[in-house]
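Participant: Below is one structure. I have some questions about it.
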Amino acid sequence: MKKWFFPLLIATFALSAAAHYAHWNSILQFVTAAVAIVFAAGFLGKATESVAHYAGQRLGGFLNATFGNAAELIIAIFLVKEGLFDMVKASLTGSIIGNLLLVLGASALAGGLKFKEQKFNLHLAGQNATLMLLAVIALFIPAVFVKSEHLSEQDSLTLSVTIAGVLIVAYAGWLIYSMITHKSLLEDHEEMAPDHGEAASWSRGRSILYLVLATVMVAFISEWLVGTLEVFTHRFGLSELFVGAFIVAIVGNAAEHSAAVMLAMKNKIGAAVEIAVGSSLQIALFVAPVLVFVSLLFSQHMNILFSTVELAAIAVAVLIATSVSRDGATTWYEGKLLLLVYVVLGVAFYFVQ
Amino acid sequence: MKKWFFPLLIATFALSAAAHYAHWNSILQFVTAAVAIVFAAGFLGKATESVAHYAGQRLGGFLNATFGNAAELIIAIFLVKEGLFDMVKASLTGSIIGNLLLVLGASALAGGLKFKEQKFNLHLAGQNATLMLLAVIALFIPAVFVKSEHLSEQDSLTLSVTIAGVLIVAYAGWLIYSMITHKSLLEDHEEMAPDHGEAASWSRGRSILYLVLATVMVAFISEWLVGTLEVFTHRFGLSELFVGAFIVAIVGNAAEHSAAVMLAMKNKIGAAVEIAVGSSLQIALFVAPVLVFVSLLFSQHMNILFSTVELAAIAVAVLIATSVSRDGATTWYEGKLLLLVYVVLGVAFYFVQ
Amino acid sequence: MKKWFFPLLIATFALSAAAHYAHWNSILQFVTAAVAIVFAAGFLGKATESVAHYAGQRLGGFLNATFGNAAELIIAIFLVKEGLFDMVKASLTGSIIGNLLLVLGASALAGGLKFKEQKFNLHLAGQNATLMLLAVIALFIPAVFVKSEHLSEQDSLTLSVTIAGVLIVAYAGWLIYSMITHKSLLEDHEEMAPDHGEAASWSRGRSILYLVLATVMVAFISEWLVGTLEVFTHRFGLSELFVGAFIVAIVGNAAEHSAAVMLAMKNKIGAAVEIAVGSSLQIALFVAPVLVFVSLLFSQHMNILFSTVELAAIAVAVLIATSVSRDGATTWYEGKLLLLVYVVLGVAFYFVQ
C-alpha cells in the first residue's frame with residue numbers, strides 16, 4: 001500500500017459524507033461519492049486479498065461476498081419496509097446478473113489477457129452450477145404455477161414463504177458442506193494457492209479489521225451514491241427497472257467487482273469466481289428469502305414472484321456463467337462473452353418502460 | 001435375511017389382501033397395506049441386491065426398474081381404458097419427478113451420510129443426461145407447437161403418435177447400445193463393483209425368482225394402497241393432480257425407493273442411480289408412448305400433451321438431476337438439494353386446484 | 001478420385017444449368033439438379049478432405065463451413081431485398097437445426113457404426129457449447145422482452161441492431177481466439193490428426209482451388225434446386241415455414257452434409273463436428289446479424305425476432321447437440337438420437353400452417 005493511500009481514502013470519504021449530509025447539489029454529491037468509492041473499493045480489494053492470503057482463497061472469497069452483500073441486504077430492508085417491492089426485486093435481479101456477468105466477465109477478461117488459461121477447483125464449479133440452478137428453479141416454479149394456474153394471492157404468499165424457507169435451508173446446508181464436511185474437496189490445488197513467498201502487507205488481525213472497515217465504508221458510500229443516482233436517472237427518463245437492475249446493482253457491487261478483478265489479475269481466479277458466483281448465490285439463496293420473511297413483519301407482504309423479464313435475465317445469466325465455468329477454467333474470450341451477454345441484457349432492459 | 005422375515009412378509013401380505021377383498025373399513029385397508037408394503041419393499045430390495053450381485057450393478061438396476069414399472073404400466077392401462085387421461089399424465093409426471101428427486105435424492109443423502117463421495121460410471125451419467133433431455137424435448141415440442149400454432153385435435157393426435165413412435169425407437173436403440181454394443185463402456189469400474197468377497201444370501205436362480213415374486217407382491221399391494229388413498233385424499237380435499245403426482249407416485253415407487261436407498265448405503269450408488277434414472281427413462285421413453293398407442297385401441301384416444309405445470313416440473317427435475325449427476329459422483333448435499341426441489345414442487349402442486 | 005469422375009461432374013452440372021436457364025419442365029429441372037448436386041457435393045467433400053490434410057482438421061472444417069455458408073448468405077440477401085423476412089428466418093432456423101441435428105447426427109451415426117467411440121478436442125466441445133448458448137440467448141432475449149413488455153416497432157429494431165452488433169463482435173472475437181491466441185488449445189490430439197501416411201490426392205494449391213470451385217458449383221446447383229422445390233412444394237401444399245426450414249435447409253447444406261459424413265467415416269470426427277457446429281455458429285453469429293444490417297440498406301428493415309416455434313426448435317437442437325458433444329466423444333447411438341430429434345421437429349413443423 002502506497003503511503004499516500006490512507007490520507008486520500010479518508011479525505012474522499014469525508015468529502016462524500018459532507019456532500020450527502022449537508023445536502024449539497026446532486027451533481028456534487030454524485031461526483032464526490034463516485035471518487036470516494038474508487039478508493040474505498042481499492043481498499044476493500046486489498047484487504048480481501050490480504051485475508052485470502054491467510055484464510056485461503058475460498059474463505060476469503062466467502063468473507064468478501066458476505067460483507068459485500070450485507071450492504072445490499074440493509075438497503076433492501078428499508079425498501080421492503082416502504083413497500084417498494086418492484087425496486088427490491090429489480091435490484092436483486094441486477095445484483096445476480098451483475099455478479100455473474102459483469103464481475104465474473106471482467107475478472108476472466110482481465111485475468112485472461114495476462115494468463116493464457118486460469119484454472120480453479122472443478123468440484124466447486126460443478127457445485128456452484130447446481131446451486132445456481134436450484135436458485136433459478138426456486139424462482140421459476142412459483143411464477144409458472146401462479147401464472148398458469150391462477151393461484152390466489154394468499155396461496156402465492158404461502159408458496160413464497162415455503163420456497164423462501166427451502167432456500168434458506170439449502171443455503172445453510174451449503175455452508176456446512178463447503179466449510180465443514182467437504183472443505184478439502186472444494187479447495188484449490190496447491191499450485192494455484194496464494195503465493196506464500198509473497199510477503200503479506202498486513203498482519204492477520206489487521207487484515208480482518210481492514211476488511212470489515214472497508215466493507216462498512218463501501219456500504220455507506222454506495223447508499224449515498226444510490227441516493228444521487230435516483231435523481232440523475234429521473235432526469236434521464238430511465239425506468240425504475242433499469243435503474244434498479246443496472247445502476248443500483250453496478251454501484252452496489254463495486255466492492256466485489258474491484259476485489260475480483262484484482263485477484264484475477266494475480267492469477268487467483270478461484271477467489272474471483274468465489275466472490276462473483278458466491279455473491280450471486282448469497283443474493284438468491286439468502287438475501288431474497290430473508291427479505292420475504294422480513295416483509296411479514298410489516299403491513300405489506302412481499303412474495304417471491306419475479307417478472308418474466310427478470311426471470312429470463314436471471315436464467316440467461318446462470319446458463320452462460322455455468323457453461324463458461326463448468327470446465328474449471330477461464331480465458332479472455334469467455335470473459336468477453338459474459339460481458340457481451342451483460343450488454344445484451346442492459347440494452348433489452350433499457351427499452352422496458 | 002433374518003428368520004422371522006418370511007413369516008411376517010406373508011402374514012402382512014395376507015392381511016392386506018383380506019382387508020382389500022373383504023372391503024374392510026378404508027382406514028384399516030390403508031394401515032394393513034402400508035405395513036405390508038414395508039416388508040414387501042424390503043424383500044424386493046434384498047432380492048434386487050442379490051441379483052445385482054450376480055448380474056452386475058447395471059443389469060440389476062435395469063431389472064429392478066423394469067419390474068418396478070410393470071406395475072405402473074398395468075395400473076395406467078386401466079386408467080386409460082376409462083378415459084382418465086389427466087390422472088394418467090399426473091401419475092407419469094409424478095413417477096418421473098419422484099424417481100429423479102425423491103429416490104435419487106434419498107439415495108444420495110443416505111449414502112452420502114455414510115461415505116464422503118460416491119462415484120459411478122461417468123459415461124453412463126452423460127448418456128442418462130442426454131436421454132432425459134430427449135424425453136423432455138419430446139414432451140415439450142408438441143406442447144409448444146400445439147399452443148402457439150393452434151393445431152387441430154387430429155393433427156395433435158398424429159403428432160403425438162409420431163412422437164410416441166420416435167420415443168420407443170429411441171428406447172429400443174438405448175437397450176441395444178447399453179446392453180450390447182457399448183456394454184463395457186457403461187459398466188462401473190472394478191473398485192466400485194459389487195463386493196465379491198461378500199457371500200450371497202441366495203443362489204442365482206432363487207434370487208431371480210424372489211425378484212419376480214417380490215415385484216408382483218409390491219404391485220398388488222401398491223394397487224390396494226392406491227385404492228384406499230383416493231378415499232383418503234377426497235376427504236382431505238386434495239386435487240387429482242396432487243394425488244396423482246405425489247401420493248400415487250410415492251406409493252407406486254416404494255419398491256424402487258427402498259431398493260435404491262439400500263444399495264446406496266452399501267456404496268453401490270451406481271445401481272441406485274440406475275434404478276432411479278433408469279426408471280424415469282422407462283416411464284418417459286417407454287411407458288408413456290406405449291399408453292398413447294394402447295389408447296388407440298379404445299374409443300377415446302390419448303395424446304401426449306402434458307400441462308404447463310407438469311412440463312415445468314419434469315423439466316426442473318431433469319435439469320437438477322442432470323446437474324447433480326453429471327460429474328459421476330454424489331454427496332449428501334446433492335441428495336439434500338434434490339429432496340428440497342421435490343418439496344418445492346410438492347408445495348406448488350398442492351396449491352393447484 | 002476415379003477417372004470417370006470429372007467428366008460426369010461437368011456433364012451433370014451442364015445439364016442442370018441447361019434445364020434451369022432454358023426453363024425446362026419443373027420435374028426435369030428437379031431431377032437434373034438433384035443428380036448434379038450428388039456429384040458436386042462429392043467433389044466438395046473430397047476437396048475439403050484434401051485441404052484438411054494440409055491445413056489440419058479445424059482450419060479445413062472452418063473453410064468448409066465458410067464456403068458452405070457463403071451460398072446461403074447470398075441467397076438470403078436476395079430474399080431480404082424482396083422483404084421475404086419470414087422465409088429468411090425459417091431457412092436460418094432450418095440451417096441451424098439441420099447442421100446440429102441432421103449433419104452432426106448422420107456423421108456420428110455413420111462414423112459410430114464403423115468405430116466404437118470417436119473422440120475430438122474436449123476444449124473445443126466446451127467452447128462450442130458456450131457459443132451456441134450465446135446464440136440462443138441473443139435470439140431469445142429480444143423475443144421475450146418484445147412479447148412481455150410490448151416494445152414498439154422502433155425499439156424492437158434498435159434492440160435487434162444492437163444484438164446483431166454484439167453477435168458480430170462475439171464472432172470476430174471467436175476467430176481471434178480460436179485461430180490465433182488459443183489455437184493450440186483447440187487442436188485435435190496427434191493420434192486423431194489426419195493420417196500423414198496416406199498420400200494426398202492433390203497438391204496444396206490444387207486442393208484449395210478445387211475447394212473454391214466445388215463450393216461455387218454447389219452454390220449454383222443449390223439455388224437452381226431451391227427454385228424447383230418451391231414449385232414442388234406448392235403442389236404438395238406444404239407451408240413456407242416447413243419448406244424454408246427443412247427442404248431449403250437440407251438442400252442448402254448438402255455440401256456440409258456429405259463432407260462431414262465422409263470425414264466421420266474416416267474417423268476424422270473432429271473435422272465433422274467443426275463443419276456441423278461451426279456452420280451453425282456462423283449462421284447464428286454471422287449470417288443472421290449481417291442480414292439485419294444489410295436490411296437497413298433497403299426500404300423494409302428486418303428485425304431479429306424469431307417466432308416461438310423457431311426459437312423452440314433452435315433451443316432444442318442446441319441443447320441436445322451440446323449434451324451429446326460435451327464429453328468430446330460420439331457414438332452411433334448419440335447420432336441416432338440427434339436424427340430422432342430432427343424427425344420430431346420435422347413432424348411438428350409439418351403440421352404448422
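Scheme for the C-alpha cells: letters A, B, ... for chains in order shown; per-chain residue numbers from 1; ligand numbers from 1 in order shown.
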Using only C-alpha atoms, determine which residues lie at most 8 Å from Leu291 of chain C, disregarding the query and same-chain residues fewer than 5 positions distant; provide the list as a PyMOL selection string.
Facilitator: chain C and resi 76-77+80+302
Participant: Residues of the last selection are to be written out with N, CA and C atoms, as a tab-separated table (two decimals), in the first residue's frame.
Facilitator:
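Wrote out01.tsv, looks like this:
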chain	number	residue	atom	x	y	z
C	76	ALA	N	-29.91	-15.54	-49.14
C	76	ALA	CA	-30.70	-14.84	-48.13
C	76	ALA	C	-30.76	-13.34	-48.41
C	77	ILE	N	-29.65	-12.76	-48.90
C	77	ILE	CA	-29.65	-11.32	-49.18
C	77	ILE	C	-30.71	-10.99	-50.24
C	80	VAL	N	-34.02	-11.02	-48.48
C	80	VAL	CA	-34.19	-9.84	-47.64
C	80	VAL	C	-34.57	-8.64	-48.50
C	302	MET	N	-35.35	-5.57	-41.44
C	302	MET	CA	-35.62	-6.86	-40.79
C	302	MET	C	-35.14	-6.84	-39.34
Participant: Would you mind listing, as a PyMOL selection string, all residues of chain B that have at least one atom within 9 Å of chain C, where only C-alpha atoms are what counts?
Facilitator: chain B and resi 123+126-127+129-131+133-134+137-138+140-142+144-146+148-151+155-156+159+162-163+166-167+169-170+173-174+177+181-182
Participant: With distances taken over only C-alpha atoms, which of A:Leu297, A:Val248, A:Ile37, A:Met265 is nearest to Gly112 of chain A?
Facilitator: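 Checking each of A:Leu297, A:Val248, A:Ile37, A:Met265 against Gly112 of chain A, counting only C-alpha atoms, the winner is A:Met265.
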Participant: Expressed in Å to a single decimal, how great is the separation between atom CA of Asn121 of chain A and atom CA of Gly328 of chain A?
Facilitator: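 Going from atom CA of Asn121 of chain A over to atom CA of Gly328 of chain A, I get 5.9 Å.
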Participant: What parts of segment 39-274 of chain B does DSSP call helix (DSSP H, G or I)? I'd like the answer as a PyMOL selection string.
Facilitator: chain B and resi 39-55+57-81+85-114+122-149+153-181+183-186+190-192+204-236+240-252+254-265+269-274
Participant: Find the spatial neighbours of Gly278 of chain B, counting only C-alpha atoms, within a cut-off of 9 Å - ignore same-chain residues fewer than 2 positions away - and output them as a list of chain:residue names.
Facilitator: B:Gly61, B:Phe62, B:Ala65, B:Thr66, B:Asn99, B:Asn128, B:Val273, B:Glu274, B:Ile275, B:Ala276, B:Ser280, B:Leu281, B:Gln282, B:Ile283
Participant: How would the residues just picked look written out with C-alpha atoms as a CSV table (one decimal), in the first residue's frame?
Facilitator:
chain,number,residue,atom,x,y,z
B,61,GLY,CA,-30.7,-51.9,-11.7
B,62,PHE,CA,-32.4,-52.3,-15.1
B,65,ALA,CA,-36.6,-50.6,-12.8
B,66,THR,CA,-38.4,-52.8,-15.3
B,99,ASN,CA,-37.6,-41.1,-9.2
B,128,ASN,CA,-28.5,-40.6,-19.0
B,273,VAL,CA,-28.7,-44.3,-10.0
B,274,GLU,CA,-29.6,-46.9,-12.5
B,275,ILE,CA,-32.8,-47.6,-10.6
B,276,ALA,CA,-33.8,-44.0,-10.2
B,280,SER,CA,-37.6,-42.3,-15.0
B,281,LEU,CA,-36.3,-43.0,-18.5
B,282,GLN,CA,-38.5,-46.1,-18.8
B,283,ILE,CA,-41.6,-44.1,-17.8
Participant: In terms of the shortest atom-to-atom distance over only C-alpha atoms, which of B:Leu285, B:Ala41, B:Ile314, B:Val136 is closest to Asn253 of chain B?
Facilitator: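 Smallest separation from Asn253 of chain B among the options: B:Ala41.
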Participant: Might you pull out every residue within 10 Å of Phe5 of chain C, with only C-alpha atoms counted and same-chain residues fewer than 6 positions away left off, and present them as a VMD selection string?
Facilitator: chain C and resid 39 42 to 43
Participant: Calculated over only C-alpha atoms, which of the candidates C:Thr48, C:Ser184, C:Ser279, C:Ser295 has the smallest distance to Ile96 of chain C?
Facilitator: C:Ser279
Participant: Rank nothing, just name the residue among A:Ser91, A:Gln29, A:Asn69, A:Ser107 nearest to Leu263 of chain A, using only C-alpha atoms.
Facilitator: A:Ser107
Participant: What gap, in Å, lies between atom CA of Lys183 of chain C and atom CA of His53 of chain C?
Facilitator: 17.3 Å
Participant: Could you list, as a list in words, every residue within 8 Å of Ser50 of chain A, counting only C-alpha atoms and ignoring same-chain residues fewer than 6 positions away?
Facilitator: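 The filter keeps Ala200, Ser201, Trp202, Arg204 and Ser207 of chain A.
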Participant: Output C-alpha atoms for every residue in that selection, as a tab-separated table (two decimals), in the first residue's frame.
Facilitator:
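Heads up, here's the output in part.tsv:
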chain	number	residue	atom	x	y	z
A	200	ALA	CA	1.70	-10.09	3.33
A	201	SER	CA	1.17	-6.35	3.72
A	202	TRP	CA	-0.70	-6.63	7.00
A	204	ARG	CA	-3.86	-11.42	10.15
A	207	SER	CA	-6.35	-7.67	7.62
